[in-house]
Number of protein chains: 2
Amino acid sequence: MRIVVALGGNALLHRGERPDAAVQQANIDRVATALAALAHEHELVITHGNGPQIGLLAMESEADPALSAPYPLDLLGAQTEGMIGSLLTRAMHDALPGHRIAALVTHTLVRADDPAFERPTKFVGQVYSAPVAKALSRKRGWHIARDTTGWRRVVASPAPERILETDTIHELLNSGTLVICAGGGGVPVTADRDTGALTGVEAVVDKDLTAALLAEDLKADFLLILTDVPCVYEGYGTPDQHPLRDATPRDLRHGGFPAGSMGPKTEAAARFVEHTGGLAAIGALDAAHEIVHGRSGTLIRPDLTVG
Amino acid sequence: MRIVVALGGNALLHRGERPDAAVQQANIDRVATALAALAHEHELVITHGNGPQIGLLAMESEADPALSAPYPLDLLGAQTEGMIGSLLTRAMHDALPGHRIAALVTHTLVRADDPAFERPTKFVGQVYSAPVAKALSRKRGWHIARDTTGWRRVVASPAPERILETDTIHELLNSGTLVICAGGGGVPVTADRDTGALTGVEAVVDKDLTAALLAEDLKADFLLILTDVPCVYEGYGTPDQHPLRDATPRDLRHGGFPAGSMGPKTEAAARFVEHTGGLAAIGALDAAHEIVHGRSGTLIRPDLTVG
């Protein structure tokens, strides 16, 4: 099978951990062990989140006295693709001796008129006090909103329309290369309507939705979304909470999963299964191999009932 | 022809310029214009320096209160490969509509017992006062030395032994892809003698020497080293200064070019020409097309005299 794996940002840096290089290195070694078993049997494409990493770089750039303005999110996202791509390349190299591995800087085309730009929803970077948040909003033109931790910058999460490097990824896969790509959902760019010229945009594309698009374009058989819970739960956090072992896209669409966490994952899985008739699954990183063999996680399969 | 182009760090950020994203973007658009004419006629591989960029990220990481220790240079180098790779990809995409372009995170194997680790020579990051430099040397185990601007961190520049992604680059080139790779000389790693396991190292590989190795391994016809002077000068900065239009590796080896600037360029050009019998040239970015056609720069050709 050809499998697109989407690693949650928390696979690289768990909630509450210090964002030290050594911590990420250790976590990624664990990722590599979990994925190596799959790579022996299947063609793998690995995508990954970058939430904690891009937040850290955004804070550093914001604090840098040498700069007239902090680096835009598209360039910070590209930096995280380089760093996480390198860590994953080395870890997979060690776990799969002799296997060819390539990490590609990947760009995701979004529409300049995506309605997401009018309603920013993704929190990025540090927590500010209300007055500082207000001042930054004026100075930088940032949207500021309040999440559970306090006032933070909030940016648009436009829909991924096309991955610029799809043909290259396809070619590398076909020649037996394990490809690491589309980190953080890909570096977001818009294309000029007339000239096609690319411009980076201050946005963050959802990495699970990009993974679903990638899986579809690469004609993958399986979209494997790995996170820090063992499966999708119905009624999560309520007395009725119970695990969903098996679901159709229609079931997921009626599930009402929260926008910030499980929502994009179930939406990505549902889209891939609907568009391709393939299989998707959502589960825990350490169970990657078991999930693909149907022994763990939530399996999402096509709805075979008619009309 | 297959041409490996090595762009000086100053092609992306000129001496004295602020390291702003907008400045680098504008400079890279100029690079793309200069290289597009070549890409219409030849197979191109583009490598680039990262001196100013890795210096900036090192300072930011050093100042980050969220980290127990600043990120190591291998990870910061990987970040610059992502960022500069993305900027170059977009600019070349705009300059060459329809051309397939890929930026690859690239790793360069160095020897753990390279004597360079005992004699660090590459200055990285900011200037410190003598007491701060001494304190950092104790706290971080850094080597500190004095350059013309003051006390700075100095790191090893080990010789590039092998580029891990050579086969992938070769494959992409053969299918007509313009490849951007080995930025900053490649992310330096050592391989364990027994297991082959990779470890990132706190070092900076010379980007011209990596470009020469890459050009040799890819069986390139031409190594084009672009910088901010129009050619190599004999007696540079002396009353006898005169341009060298044409040279053999032997001429360059007798030239006594300074270690920090022209030295690695002439050494890289000499090695490539000696090892392969191909051609190399050193010249100005804006003259890239003229240099390849022998109308500008310094051409380095094989020494055809016998014994």
# chains A, B, ... in the order shown; residues from 1 in each chain; ligands from 1
call {"tool": "interface_residues", "arguments": {"of": "chain A", "to": "chain B", "cutoff": "6 Å", "atoms": "only C-alpha atoms", "output": "PyMOL selection string"}}
result
chain A and resi 20-21+60+67+71+75+78-79+81-83+94+103-105+197
call {"tool": "calpha_fit_and_write", "arguments": {"fixed": "chain A", "moving": "chain B", "output": "mmCIF file with C-alpha atoms, in the first residue's frame"}}
result
data_model
loop_
_atom_site.group_PDB
_atom_site.id
_atom_site.type_symbol
_atom_site.label_atom_id
_atom_site.label_comp_id
_atom_site.auth_asym_id
_atom_site.auth_seq_id
_atom_site.Cartn_x
_atom_site.Cartn_y
_atom_site.Cartn_z
ATOM 1 C CA MET B 1 0.009 -0.016 -0.004
ATOM 2 C CA ARG B 2 0.910 3.622 -0.404
ATOM 3 C CA ILE B 3 0.333 5.343 2.960
ATOM 4 C CA VAL B 4 0.361 9.058 3.764
ATOM 5 C CA VAL B 5 1.119 9.526 7.472
ATOM 6 C CA ALA B 6 0.174 12.813 9.173
ATOM 7 C CA LEU B 7 2.077 13.245 12.440
ATOM 8 C CA GLY B 8 0.569 15.540 15.043
ATOM 9 C CA GLY B 9 2.752 18.384 16.260
ATOM 10 C CA ASN B 10 2.596 16.668 19.658
ATOM 11 C CA ALA B 11 4.431 13.656 18.216
ATOM 12 C CA LEU B 12 7.476 15.939 18.086
ATOM 13 C CA LEU B 13 6.854 18.010 21.199
ATOM 14 C CA HIS B 14 4.350 16.906 23.823
ATOM 15 C CA ARG B 15 2.133 19.404 25.593
ATOM 16 C CA GLY B 16 4.038 21.111 28.410
ATOM 17 C CA GLU B 17 7.483 19.949 27.273
ATOM 18 C CA ARG B 18 10.267 22.496 26.876
ATOM 19 C CA PRO B 19 10.877 23.158 23.145
ATOM 20 C CA ASP B 20 14.531 22.137 23.456
ATOM 21 C CA ALA B 21 16.306 20.536 20.510
ATOM 22 C CA ALA B 22 17.227 17.480 22.608
ATOM 23 C CA VAL B 23 13.579 16.891 23.597
ATOM 24 C CA GLN B 24 12.408 17.006 19.976
ATOM 25 C CA GLN B 25 15.250 14.738 18.902
ATOM 26 C CA ALA B 26 14.253 12.114 21.507
ATOM 27 C CA ASN B 27 10.571 12.281 20.536
ATOM 28 C CA ILE B 28 11.394 11.949 16.851
ATOM 29 C CA ASP B 29 13.491 8.861 17.507
ATOM 30 C CA ARG B 30 10.328 7.313 18.998
ATOM 31 C CA VAL B 31 8.367 8.373 15.891
ATOM 32 C CA ALA B 32 10.947 6.700 13.681
ATOM 33 C CA THR B 33 10.713 3.423 15.577
ATOM 34 C CA ALA B 34 6.921 3.461 15.232
ATOM 35 C CA LEU B 35 7.051 4.216 11.485
ATOM 36 C CA ALA B 36 9.941 1.943 10.519
ATOM 37 C CA ALA B 37 7.770 -1.176 10.899
ATOM 38 C CA LEU B 38 5.312 0.334 8.422
ATOM 39 C CA ALA B 39 8.043 1.388 5.988
ATOM 40 C CA HIS B 40 9.225 -2.214 5.697
ATOM 41 C CA GLU B 41 5.841 -3.212 4.274
ATOM 42 C CA HIS B 42 4.528 -0.088 2.577
ATOM 43 C CA GLU B 43 5.376 3.048 0.577
ATOM 44 C CA LEU B 44 5.419 5.935 3.058
ATOM 45 C CA VAL B 45 4.964 9.670 2.762
ATOM 46 C CA ILE B 46 5.385 11.475 6.077
ATOM 47 C CA THR B 47 3.830 14.867 6.777
ATOM 48 C CA HIS B 48 3.942 16.583 10.133
ATOM 49 C CA GLY B 49 2.565 19.461 12.206
ATOM 50 C CA ASN B 50 4.675 22.432 13.305
ATOM 51 C CA GLY B 51 2.525 24.316 15.836
ATOM 52 C CA PRO B 52 4.956 24.494 18.765
ATOM 53 C CA GLN B 53 7.964 25.035 16.481
ATOM 54 C CA ILE B 54 6.513 27.893 14.419
ATOM 55 C CA GLY B 55 5.237 29.481 17.650
ATOM 56 C CA LEU B 56 8.760 29.438 19.076
ATOM 57 C CA LEU B 57 10.350 30.893 15.940
ATOM 58 C CA ALA B 58 7.644 33.576 15.726
ATOM 59 C CA MET B 59 8.437 34.664 19.293
ATOM 60 C CA GLU B 60 12.180 34.719 18.588
ATOM 61 C CA SER B 61 11.725 36.727 15.394
ATOM 62 C CA GLU B 62 9.348 39.131 17.152
ATOM 63 C CA ALA B 63 12.004 39.739 19.844
ATOM 64 C CA ASP B 64 14.940 40.167 17.424
ATOM 65 C CA PRO B 65 16.290 43.741 17.602
ATOM 66 C CA ALA B 66 18.163 43.321 14.296
ATOM 67 C CA LEU B 67 14.923 43.131 12.288
ATOM 68 C CA SER B 68 12.647 45.973 11.156
ATOM 69 C CA ALA B 69 9.716 43.527 11.313
ATOM 70 C CA PRO B 70 9.413 39.897 12.392
ATOM 71 C CA TYR B 71 9.704 37.294 9.639
ATOM 72 C CA PRO B 72 6.359 36.430 8.036
ATOM 73 C CA LEU B 73 4.731 33.098 8.878
ATOM 74 C CA ASP B 74 5.412 31.600 5.455
ATOM 75 C CA LEU B 75 9.177 31.955 5.981
ATOM 76 C CA LEU B 76 8.993 30.741 9.586
ATOM 77 C CA GLY B 77 6.977 27.738 8.361
ATOM 78 C CA ALA B 78 9.687 27.063 5.770
ATOM 79 C CA GLN B 79 12.278 27.164 8.582
ATOM 80 C CA THR B 80 10.320 24.526 10.514
ATOM 81 C CA GLU B 81 10.115 22.350 7.380
ATOM 82 C CA GLY B 82 13.911 22.455 7.201
ATOM 83 C CA MET B 83 14.468 21.680 10.867
ATOM 84 C CA ILE B 84 11.814 18.997 11.362
ATOM 85 C CA GLY B 85 12.573 17.580 7.916
ATOM 86 C CA SER B 86 16.207 17.176 8.923
ATOM 87 C CA LEU B 87 15.360 15.542 12.279
ATOM 88 C CA LEU B 88 12.931 13.126 10.609
ATOM 89 C CA THR B 89 15.386 12.326 7.805
ATOM 90 C CA ARG B 90 18.135 11.391 10.263
ATOM 91 C CA ALA B 91 15.829 9.360 12.523
ATOM 92 C CA MET B 92 14.282 7.444 9.599
ATOM 93 C CA HIS B 93 17.772 6.892 8.146
ATOM 94 C CA ASP B 94 18.878 5.273 11.416
ATOM 95 C CA ALA B 95 15.697 3.199 11.708
ATOM 96 C CA LEU B 96 15.805 2.047 8.059
ATOM 97 C CA PRO B 97 19.432 1.477 7.046
ATOM 98 C CA GLY B 98 19.861 1.498 3.267
ATOM 99 C CA HIS B 99 16.469 3.084 2.613
ATOM 100 C CA ARG B 100 16.480 6.222 0.463
ATOM 101 C CA ILE B 101 14.917 9.188 2.296
ATOM 102 C CA ALA B 102 14.246 12.740 1.110
ATOM 103 C CA ALA B 103 12.804 15.795 2.873
ATOM 104 C CA LEU B 104 11.318 18.334 0.514
ATOM 105 C CA VAL B 105 10.531 22.002 1.138
ATOM 106 C CA THR B 106 6.857 22.036 0.144
ATOM 107 C CA HIS B 107 4.521 24.854 -0.872
ATOM 108 C CA THR B 108 0.736 24.820 -0.681
ATOM 109 C CA LEU B 109 -1.293 27.041 -2.969
ATOM 110 C CA VAL B 110 -4.216 28.800 -1.283
ATOM 111 C CA ARG B 111 -6.766 31.238 -2.740
ATOM 112 C CA ALA B 112 -6.198 34.926 -2.047
ATOM 113 C CA ASP B 113 -9.991 35.260 -1.761
ATOM 114 C CA ASP B 114 -10.393 32.342 0.670
ATOM 115 C CA PRO B 115 -13.016 33.482 3.208
ATOM 116 C CA ALA B 116 -10.668 32.235 5.962
ATOM 117 C CA PHE B 117 -8.668 35.467 5.535
ATOM 118 C CA GLU B 118 -11.683 37.401 6.838
ATOM 119 C CA ARG B 119 -12.151 35.132 9.860
ATOM 120 C CA PRO B 120 -8.726 34.149 11.282
ATOM 121 C CA THR B 121 -9.004 31.098 13.562
ATOM 122 C CA LYS B 122 -5.503 29.660 14.219
ATOM 123 C CA PHE B 123 -3.664 30.786 17.353
ATOM 124 C CA VAL B 124 0.070 31.318 16.867
ATOM 125 C CA GLY B 125 2.862 32.146 19.303
ATOM 126 C CA GLN B 126 2.870 33.504 22.796
ATOM 127 C CA VAL B 127 0.251 34.847 25.218
ATOM 128 C CA TYR B 128 0.134 38.645 25.672
ATOM 129 C CA SER B 129 -1.489 40.900 28.247
ATOM 130 C CA ALA B 130 -4.526 42.761 26.908
ATOM 131 C CA PRO B 131 -2.703 46.132 26.477
ATOM 132 C CA VAL B 132 0.311 44.563 24.718
ATOM 133 C CA ALA B 133 -2.028 42.561 22.496
ATOM 134 C CA LYS B 134 -3.865 45.748 21.548
ATOM 135 C CA ALA B 135 -0.610 47.595 20.821
ATOM 136 C CA LEU B 136 0.669 44.756 18.620
ATOM 137 C CA SER B 137 -2.636 44.615 16.782
ATOM 138 C CA ARG B 138 -2.236 48.303 15.897
ATOM 139 C CA LYS B 139 1.504 48.154 15.148
ATOM 140 C CA ARG B 140 1.570 44.980 13.029
ATOM 141 C CA GLY B 141 -1.998 44.807 11.779
ATOM 142 C CA TRP B 142 -2.395 41.476 13.574
ATOM 143 C CA HIS B 143 -5.721 39.919 14.501
ATOM 144 C CA ILE B 144 -5.750 39.210 18.225
ATOM 145 C CA ALA B 145 -8.167 36.917 20.049
ATOM 146 C CA ARG B 146 -8.508 35.187 23.354
ATOM 147 C CA ASP B 147 -8.008 31.465 23.795
ATOM 148 C CA THR B 148 -8.073 29.516 27.092
ATOM 149 C CA THR B 149 -4.592 30.812 27.989
ATOM 150 C CA GLY B 150 -5.059 34.534 27.232
ATOM 151 C CA TRP B 151 -4.662 37.012 24.341
ATOM 152 C CA ARG B 152 -2.777 35.677 21.334
ATOM 153 C CA ARG B 153 -2.231 36.395 17.679
ATOM 154 C CA VAL B 154 -4.716 34.591 15.472
ATOM 155 C CA VAL B 155 -4.146 33.939 11.757
ATOM 156 C CA ALA B 156 -6.123 32.618 8.816
ATOM 157 C CA SER B 157 -6.188 28.932 7.995
ATOM 158 C CA PRO B 158 -7.113 28.889 4.302
ATOM 159 C CA ALA B 159 -8.012 25.677 2.480
ATOM 160 C CA PRO B 160 -5.184 23.895 0.637
ATOM 161 C CA GLU B 161 -5.923 24.050 -3.102
ATOM 162 C CA ARG B 162 -2.840 22.445 -4.647
ATOM 163 C CA ILE B 163 0.574 21.250 -3.493
ATOM 164 C CA LEU B 164 3.229 22.675 -5.830
ATOM 165 C CA GLU B 165 5.626 19.736 -5.402
ATOM 166 C CA THR B 166 3.132 16.891 -6.023
ATOM 167 C CA ASP B 167 4.824 15.684 -9.234
ATOM 168 C CA THR B 168 8.231 15.619 -7.558
ATOM 169 C CA ILE B 169 6.883 13.693 -4.561
ATOM 170 C CA HIS B 170 5.176 11.240 -6.909
ATOM 171 C CA GLU B 171 8.383 10.646 -8.839
ATOM 172 C CA LEU B 172 10.434 10.080 -5.688
ATOM 173 C CA LEU B 173 7.863 7.650 -4.276
ATOM 174 C CA ASN B 174 7.782 5.697 -7.516
ATOM 175 C CA SER B 175 11.528 5.172 -7.303
ATOM 176 C CA GLY B 176 11.307 3.796 -3.751
ATOM 177 C CA THR B 177 12.139 6.940 -1.769
ATOM 178 C CA LEU B 178 10.476 7.594 1.573
ATOM 179 C CA VAL B 179 9.364 11.229 1.278
ATOM 180 C CA ILE B 180 9.026 13.723 4.131
ATOM 181 C CA CYS B 181 7.025 16.732 2.921
ATOM 182 C CA ALA B 182 4.227 19.267 3.425
ATOM 183 C CA GLY B 183 5.332 19.987 7.006
ATOM 184 C CA GLY B 184 3.002 22.326 8.856
ATOM 185 C CA GLY B 185 0.505 21.940 5.994
ATOM 186 C CA GLY B 186 3.051 23.313 3.505
ATOM 187 C CA VAL B 187 4.385 26.867 3.110
ATOM 188 C CA PRO B 188 1.284 28.869 2.123
ATOM 189 C CA VAL B 189 1.497 30.852 -1.122
ATOM 190 C CA THR B 190 -0.977 32.526 -3.445
ATOM 191 C CA ALA B 191 -0.552 32.682 -7.229
ATOM 192 C CA ASP B 192 -1.210 35.850 -9.197
ATOM 193 C CA ARG B 193 -4.277 35.368 -11.371
ATOM 194 C CA ASP B 194 -2.549 36.686 -14.508
ATOM 195 C CA THR B 195 1.151 35.903 -14.184
ATOM 196 C CA GLY B 196 1.038 32.912 -11.801
ATOM 197 C CA ALA B 197 3.710 34.635 -9.659
ATOM 198 C CA LEU B 198 3.835 33.247 -6.120
ATOM 199 C CA THR B 199 3.547 35.301 -2.938
ATOM 200 C CA GLY B 200 3.978 33.950 0.586
ATOM 201 C CA VAL B 201 1.037 34.621 2.892
ATOM 202 C CA GLU B 202 0.737 35.134 6.642
ATOM 203 C CA ALA B 203 -1.358 32.042 7.267
ATOM 204 C CA VAL B 204 -1.128 28.471 8.505
ATOM 205 C CA VAL B 205 -2.677 25.693 6.432
ATOM 206 C CA ASP B 206 -4.171 22.823 8.435
ATOM 207 C CA LYS B 207 -1.702 19.962 8.158
ATOM 208 C CA ASP B 208 -4.395 17.243 8.180
ATOM 209 C CA LEU B 209 -6.319 18.843 5.316
ATOM 210 C CA THR B 210 -3.080 19.184 3.321
ATOM 211 C CA ALA B 211 -2.289 15.532 4.096
ATOM 212 C CA ALA B 212 -5.729 14.522 2.760
ATOM 213 C CA LEU B 213 -5.147 16.488 -0.464
ATOM 214 C CA LEU B 214 -1.664 15.014 -0.810
ATOM 215 C CA ALA B 215 -2.968 11.474 -0.254
ATOM 216 C CA GLU B 216 -5.626 12.009 -2.906
ATOM 217 C CA ASP B 217 -3.203 13.493 -5.460
ATOM 218 C CA LEU B 218 -0.638 10.727 -4.865
ATOM 219 C CA LYS B 219 -3.359 8.069 -5.277
ATOM 220 C CA ALA B 220 -2.530 6.745 -1.819
ATOM 221 C CA ASP B 221 -4.439 3.755 -0.465
ATOM 222 C CA PHE B 222 -4.446 4.875 3.147
ATOM 223 C CA LEU B 223 -4.374 8.145 5.098
ATOM 224 C CA LEU B 224 -3.020 7.534 8.602
ATOM 225 C CA ILE B 225 -3.522 10.424 11.040
ATOM 226 C CA LEU B 226 -1.454 9.935 14.194
ATOM 227 C CA THR B 227 -2.106 11.918 17.348
ATOM 228 C CA ASP B 228 -1.979 11.612 21.144
ATOM 229 C CA VAL B 229 -5.295 9.824 21.714
ATOM 230 C CA PRO B 230 -5.873 6.146 20.869
ATOM 231 C CA CYS B 231 -8.921 6.803 18.656
ATOM 232 C CA VAL B 232 -11.868 9.112 17.959
ATOM 233 C CA TYR B 233 -14.390 9.285 20.808
ATOM 234 C CA GLU B 234 -18.058 10.090 20.565
ATOM 235 C CA GLY B 235 -19.134 12.491 23.299
ATOM 236 C CA TYR B 236 -15.504 13.190 24.202
ATOM 237 C CA GLY B 237 -15.244 14.613 27.733
ATOM 238 C CA THR B 238 -18.888 13.810 28.560
ATOM 239 C CA PRO B 239 -20.285 10.936 30.687
ATOM 240 C CA ASP B 240 -21.370 9.275 27.415
ATOM 241 C CA GLN B 241 -17.815 9.206 25.978
ATOM 242 C CA HIS B 242 -17.112 6.025 24.063
ATOM 243 C CA PRO B 243 -14.547 5.011 21.458
ATOM 244 C CA LEU B 244 -15.489 4.913 17.795
ATOM 245 C CA ARG B 245 -13.759 1.873 16.286
ATOM 246 C CA ASP B 246 -15.185 2.170 12.828
ATOM 247 C CA ALA B 247 -16.969 4.989 11.013
ATOM 248 C CA THR B 248 -18.060 6.269 7.627
ATOM 249 C CA PRO B 249 -17.503 9.861 6.492
ATOM 250 C CA ARG B 250 -21.219 10.409 7.157
ATOM 251 C CA ASP B 251 -20.829 9.235 10.788
ATOM 252 C CA LEU B 252 -17.916 11.647 11.262
ATOM 253 C CA ARG B 253 -19.822 14.556 9.741
ATOM 254 C CA HIS B 254 -22.593 13.995 12.306
ATOM 255 C CA GLY B 255 -20.109 13.707 15.174
ATOM 256 C CA GLY B 256 -19.673 17.414 15.891
ATOM 257 C CA PHE B 257 -15.966 17.204 16.692
ATOM 258 C CA PRO B 258 -14.250 20.327 18.055
ATOM 259 C CA ALA B 259 -12.783 22.707 15.446
ATOM 260 C CA GLY B 260 -9.418 23.132 17.147
ATOM 261 C CA SER B 261 -8.420 19.517 17.690
ATOM 262 C CA MET B 262 -10.296 16.457 16.412
ATOM 263 C CA GLY B 263 -12.422 18.421 13.910
ATOM 264 C CA PRO B 264 -9.784 18.883 11.165
ATOM 265 C CA LYS B 265 -8.657 15.261 11.590
ATOM 266 C CA THR B 266 -12.130 13.779 11.110
ATOM 267 C CA GLU B 267 -12.796 16.216 8.229
ATOM 268 C CA ALA B 268 -9.508 15.273 6.531
ATOM 269 C CA ALA B 269 -10.212 11.542 6.941
ATOM 270 C CA ALA B 270 -13.788 11.947 5.679
ATOM 271 C CA ARG B 271 -12.694 13.916 2.587
ATOM 272 C CA PHE B 272 -10.010 11.434 1.601
ATOM 273 C CA VAL B 273 -12.377 8.454 1.944
ATOM 274 C CA GLU B 274 -15.212 10.226 0.082
ATOM 275 C CA HIS B 275 -13.010 11.439 -2.764
ATOM 276 C CA THR B 276 -11.037 8.247 -3.335
ATOM 277 C CA GLY B 277 -12.887 5.279 -1.822
ATOM 278 C CA GLY B 278 -9.692 4.532 0.120
ATOM 279 C CA LEU B 279 -9.300 3.992 3.856
ATOM 280 C CA ALA B 280 -8.272 6.399 6.587
ATOM 281 C CA ALA B 281 -7.580 5.954 10.281
ATOM 282 C CA ILE B 282 -7.010 8.123 13.322
ATOM 283 C CA GLY B 283 -5.056 6.788 16.272
ATOM 284 C CA ALA B 284 -2.006 6.902 18.512
ATOM 285 C CA LEU B 285 1.534 7.247 17.222
ATOM 286 C CA ASP B 286 2.860 4.209 19.064
ATOM 287 C CA ALA B 287 0.101 2.054 17.560
ATOM 288 C CA ALA B 288 0.812 3.016 13.907
ATOM 289 C CA HIS B 289 1.448 -0.556 12.815
ATOM 290 C CA GLU B 290 -1.579 -1.950 14.706
ATOM 291 C CA ILE B 291 -3.858 0.751 13.273
ATOM 292 C CA VAL B 292 -2.977 -0.160 9.686
ATOM 293 C CA HIS B 293 -3.735 -3.793 10.525
ATOM 294 C CA GLY B 294 -7.127 -2.857 12.020
ATOM 295 C CA ARG B 295 -6.211 -3.624 15.612
ATOM 296 C CA SER B 296 -6.242 -0.085 17.031
ATOM 297 C CA GLY B 297 -7.564 3.415 16.342
ATOM 298 C CA THR B 298 -10.655 4.522 14.442
ATOM 299 C CA LEU B 299 -10.980 3.199 10.896
ATOM 300 C CA ILE B 300 -12.836 5.379 8.400
ATOM 301 C CA ARG B 301 -14.185 3.413 5.423
ATOM 302 C CA PRO B 302 -16.437 4.289 2.499
ATOM 303 C CA ASP B 303 -20.168 4.383 3.058
ATOM 304 C CA LEU B 304 -21.409 1.464 0.949
ATOM 305 C CA THR B 305 -25.140 1.919 1.531
ATOM 306 C CA VAL B 306 -26.911 3.245 -1.525
ATOM 307 C CA GLY B 307 -28.888 6.469 -1.565
#
call {"tool": "select_by_dssp", "arguments": {"residues": "range 137-305 of chain B", "states": "strand (DSSP E or B)", "output": "MDAnalysis selection string"}}
result
chainID B and resid 143:147 150:156 162:163 178:180 187:191 198:200 203 222:227 232:234 242:244 246:247 279:284 298:300
